[in-house]
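Colleague: Have a look at this one before I ask anything.
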Amino acid sequence: MDTKKKIDRLFHSKSTVLAFLLLVIVTSIVFRDKNFLTANNAFNILLKAAKNGGFLALGMTFVILCAEIDLSVGAVLALSGVVMGLVGEVNPILGIFCGIGVGAVSGLMIGWMVTKMRISSWIASLAMMFALRGVILIIAQKSVAVKGSLLTFASVNFFKGAIPGMKSGISLLVFLLFIITFLCMYVARNTKFGMGIYAVGGNCEAARMMGIDVDKIKIGAFMCSGIIAALSGVLLASSSGSATLSAGNVYETYAIAMCAIGGVKLSGGEGKFSGTFFGILIYFVINTIFTYLPTSISVHWQSIIMGLLVLISVGVQSEVLRGIKLRKK
């Protein structure tokens with residue numbers, strides 16, 4: 001019986017990793033003529049993840065662990081790049097700080113509405129999303145060029161030719177995706193704030209009775225989500241040389257999907273940042289598989305398949321959790 005419990009717990013804690021490894025093995029066998037298992041292809045997938053919502057999923061994990069949601073991250077990404085570009089024309093360093101500041105202020109405002117005004121995070125973040133998209137259109141009528149920013153080195157590739165199979169090198173964005181993942185993991189495991197997030201998400205009232213400042217934890221979670229989204233916007237605008245007004249559109253849905261695939265329980269209190277990271281990888285490996293198919297699948301069908309994947313992921317995790325709880329009883 002104890003062995004069964006250990007197997008169940010191992011499957012639950014490592015299920016996303018196992019799913020990722022199984023997906024990679026099957027894909028490499030089925031598409032062996034496409035050279036899937038190459039260093040160049042692996043880092044291209046990581047770069048795609050870094051540019052298309054991977055950072056946002058890590059920030060979103062903070063919020064979901066608190067049993068909340070943040071629908072504004074895509075708009076924060078877009079506005080932070082625009083603000084950095086506009087302010088950067090005067091002072092590049094100030095532009096970077098102002099761009100990241102957009103995320104901090106946005107997160108603070110959403111957190112305040114959720115904790116002090118008792119507004120649902122769905123409504124508060126949705127309202128913020130609309131407001132930020134409106135601000136973008138007010139302050140800029142077209143894409144903003146990023147000139148003289150110290151972060152233009154975000155487009156630089158390192159170790160070109162040093163790794164067998166690598167043609168373009170490893171982008172700085174990939175390094176930062178790993179660094180931020182490890183920082184988030186450290187915060188979750190080794191700080192009072194991280195432990196508070198799990199306590200609040202697991203049982204808000206119990207956490208309050210334990211002396212945890214629930215409002216402070218939730219505001220901090222929204223600020224983490226906003227800052228990471230803004231950093232992503234600053235990096236993307238710097239690497240491409242311009243901030244587009246529609247950047248980050250529907251990225252919030254991608255971020256939620258990656259968290260769900262990564263085993264982060266949407267009702268809060270359960271999940272790991274390492275799981276989110278592998279959820280990001282699974283999402284973009286599947287996205288890459290679509291390009292390998294002999295008959296191209298339309299974007300609409302890709303969205304339907306991804307939606308089904310999220311449903312299956314959440315369903316499997318629920319069944320595993322239910323099995324573990326029943327065995328405990």
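In the structure tokens, each chain is lettered A, B, ... as it comes, each chain's residues begin at 1, and ligands are numbered from 1 in order of appearance.
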Skipping near chain neighbours, those fewer than 3 positions away, what residues fall within 8 Å of region 42-47 of chain A using only C-alpha atoms, listed as a PyMOL selection string?
Modeller: chain A and resi 36-39+50-51+170-171+173-174+281+284-285+288
Colleague: List as a compact mmCIF listing (two decimals) with C-alpha atoms, in the first residue's frame the protein and nucleic acid residues near Leu132 (chain A), meaning an atom at most 7 Å away when only C-alpha atoms are counted, but skip any in the same chain fewer than 5 places from it.
Modeller:
```txt
# COMPACT_ATOMS: atom_id res chain seq x y z
CA ALA A 75 -1.66 44.43 -22.19
CA VAL A 76 1.10 45.09 -19.63
CA LEU A 79 2.35 49.01 -22.78
```
Colleague: Based on the backbone DSSP call, show me all residues of region 9-208 of chain A assigned alpha helix (DSSP H), as a PyMOL selection string.
Modeller: chain A and resi 9-30+39-51+54-65+73-88+92-115+121-139+172-190+192-202+204-208
Colleague: Would you mind reading off the distance between CA of Ala67 (chain A) and CA of Ser267 (chain A), one decimal, in Å?
Modeller: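 Separation of CA of Ala67 (chain A) and CA of Ser267 (chain A): 5.1 Å.
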Colleague: With distances taken over only C-alpha atoms, which residue among A:Met223, A:Gly134, A:Phe62, A:Ala145 lies nearest Ile197 (chain A)?
Modeller: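 Smallest distance to Ile197 (chain A) is found for A:Phe62.
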Colleague: Mind checking which residues fall within 8 Å of Lys265 (chain A), counting only C-alpha atoms, ignoring those fewer than 5 positions away in the same chain, and posting them as an mmCIF file with N, CA and C atoms, in the first residue's frame?
Modeller:
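Contents of the output file selection-v4.cif:
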```
data_model
loop_
_atom_site.group_PDB
_atom_site.id
_atom_site.type_symbol
_atom_site.label_atom_id
_atom_site.label_comp_id
_atom_site.auth_asym_id
_atom_site.auth_seq_id
_atom_site.Cartn_x
_atom_site.Cartn_y
_atom_site.Cartn_z
ATOM 1 N N ILE A 64 -2.118 32.484 -9.768
ATOM 2 C CA ILE A 64 -2.972 31.296 -9.732
ATOM 3 C C ILE A 64 -2.770 30.523 -8.430
ATOM 4 N N LEU A 65 -1.535 30.481 -7.919
ATOM 5 C CA LEU A 65 -1.294 29.802 -6.648
ATOM 6 C C LEU A 65 -2.061 30.456 -5.507
ATOM 7 N N ALA A 260 -1.823 25.523 -16.615
ATOM 8 C CA ALA A 260 -2.705 24.362 -16.448
ATOM 9 C C ALA A 260 -2.021 23.083 -16.915
ATOM 10 N N GLU A 270 -1.812 24.655 -5.117
ATOM 11 C CA GLU A 270 -1.045 23.493 -5.568
ATOM 12 C C GLU A 270 -0.420 23.766 -6.933
ATOM 13 N N GLY A 271 0.837 23.360 -7.058
ATOM 14 C CA GLY A 271 1.557 23.560 -8.306
ATOM 15 C C GLY A 271 2.969 24.047 -8.040
ATOM 16 N N VAL A 314 -5.947 19.091 -17.210
ATOM 17 C CA VAL A 314 -6.640 19.373 -15.952
ATOM 18 C C VAL A 314 -7.418 18.145 -15.484
#
```
Colleague: Could you please determine the separation between CA of Ala206 (chain A) and CA of Lys218 (chain A) in Å, to one decimal place?
Modeller: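 A separation of 14.9 Å between them.
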Colleague: Quick one: of A:Gly262, A:Gly54, A:Gly196, A:Gly85, who's nearest to Val234 (chain A), counting only C-alpha atoms?
Modeller: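 Nearest candidate to Val234 (chain A) out of A:Gly262, A:Gly54, A:Gly196, A:Gly85: A:Gly85.
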Colleague: Do you have the CA of Gly201 (chain A)-CA of Ala188 (chain A) distance handy?
Modeller: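 Between CA of Gly201 (chain A) and CA of Ala188 (chain A) the gap is 12.8 Å.
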Colleague: As a PDB file with N, CA and C atoms, in the first residue's frame, please: all residues of region 54-207 of chain A that backbone DSSP puts in strand (DSSP E).
Modeller:
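The result, stored in states02.pdb:
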```
ATOM      1  N   VAL A 144       6.309  51.974 -31.906  1.00  0.00           N
ATOM      2  CA  VAL A 144       7.331  52.883 -31.388  1.00  0.00           C
ATOM      3  C   VAL A 144       8.705  52.251 -31.554  1.00  0.00           C
ATOM      4  N   ALA A 145       9.603  52.956 -32.205  1.00  0.00           N
ATOM      5  CA  ALA A 145      10.965  52.447 -32.395  1.00  0.00           C
ATOM      6  C   ALA A 145      11.725  52.528 -31.082  1.00  0.00           C
ATOM      7  N   ASN A 157      23.129  36.679 -29.803  1.00  0.00           N
ATOM      8  CA  ASN A 157      23.209  35.240 -29.560  1.00  0.00           C
ATOM      9  C   ASN A 157      24.609  34.885 -29.067  1.00  0.00           C
ATOM     10  N   PHE A 158      24.654  34.011 -28.058  1.00  0.00           N
ATOM     11  CA  PHE A 158      25.921  33.615 -27.474  1.00  0.00           C
ATOM     12  C   PHE A 158      26.264  32.178 -27.837  1.00  0.00           C
ATOM     13  N   ILE A 170      22.749  30.839 -28.764  1.00  0.00           N
ATOM     14  CA  ILE A 170      21.708  30.853 -27.743  1.00  0.00           C
ATOM     15  C   ILE A 170      21.347  32.299 -27.418  1.00  0.00           C
ATOM     16  N   SER A 171      20.100  32.665 -27.624  1.00  0.00           N
ATOM     17  CA  SER A 171      19.662  34.034 -27.374  1.00  0.00           C
ATOM     18  C   SER A 171      19.675  34.348 -25.883  1.00  0.00           C
TER      19      SER A 171
END
```
Colleague: Please determine, counting only C-alpha atoms, which residue among A:Gly248, A:Lys192, A:Thr253, A:Cys98 has the shortest atom-to-atom distance to Leu236 (chain A).
Modeller: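 Selected residue with least distance to Leu236 (chain A): A:Gly248.
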Colleague: Which residue is closest to Gly103 (chain A)? Choose from A:Leu177, A:Val73, A:Ile123, A:Ala131 and count only C-alpha atoms.
Modeller: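 Checking each candidate against Gly103 (chain A), we get A:Val73 as the closest.
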Colleague: Can you pull out every residue within 10 Å of Ala19 (chain A), counting only C-alpha atoms, but drop anything in the same chain fewer than 6 positions away, and send it as a VMD selection string?
Modeller: chain A and resid 25 261 to 262 278 to 279 282 313
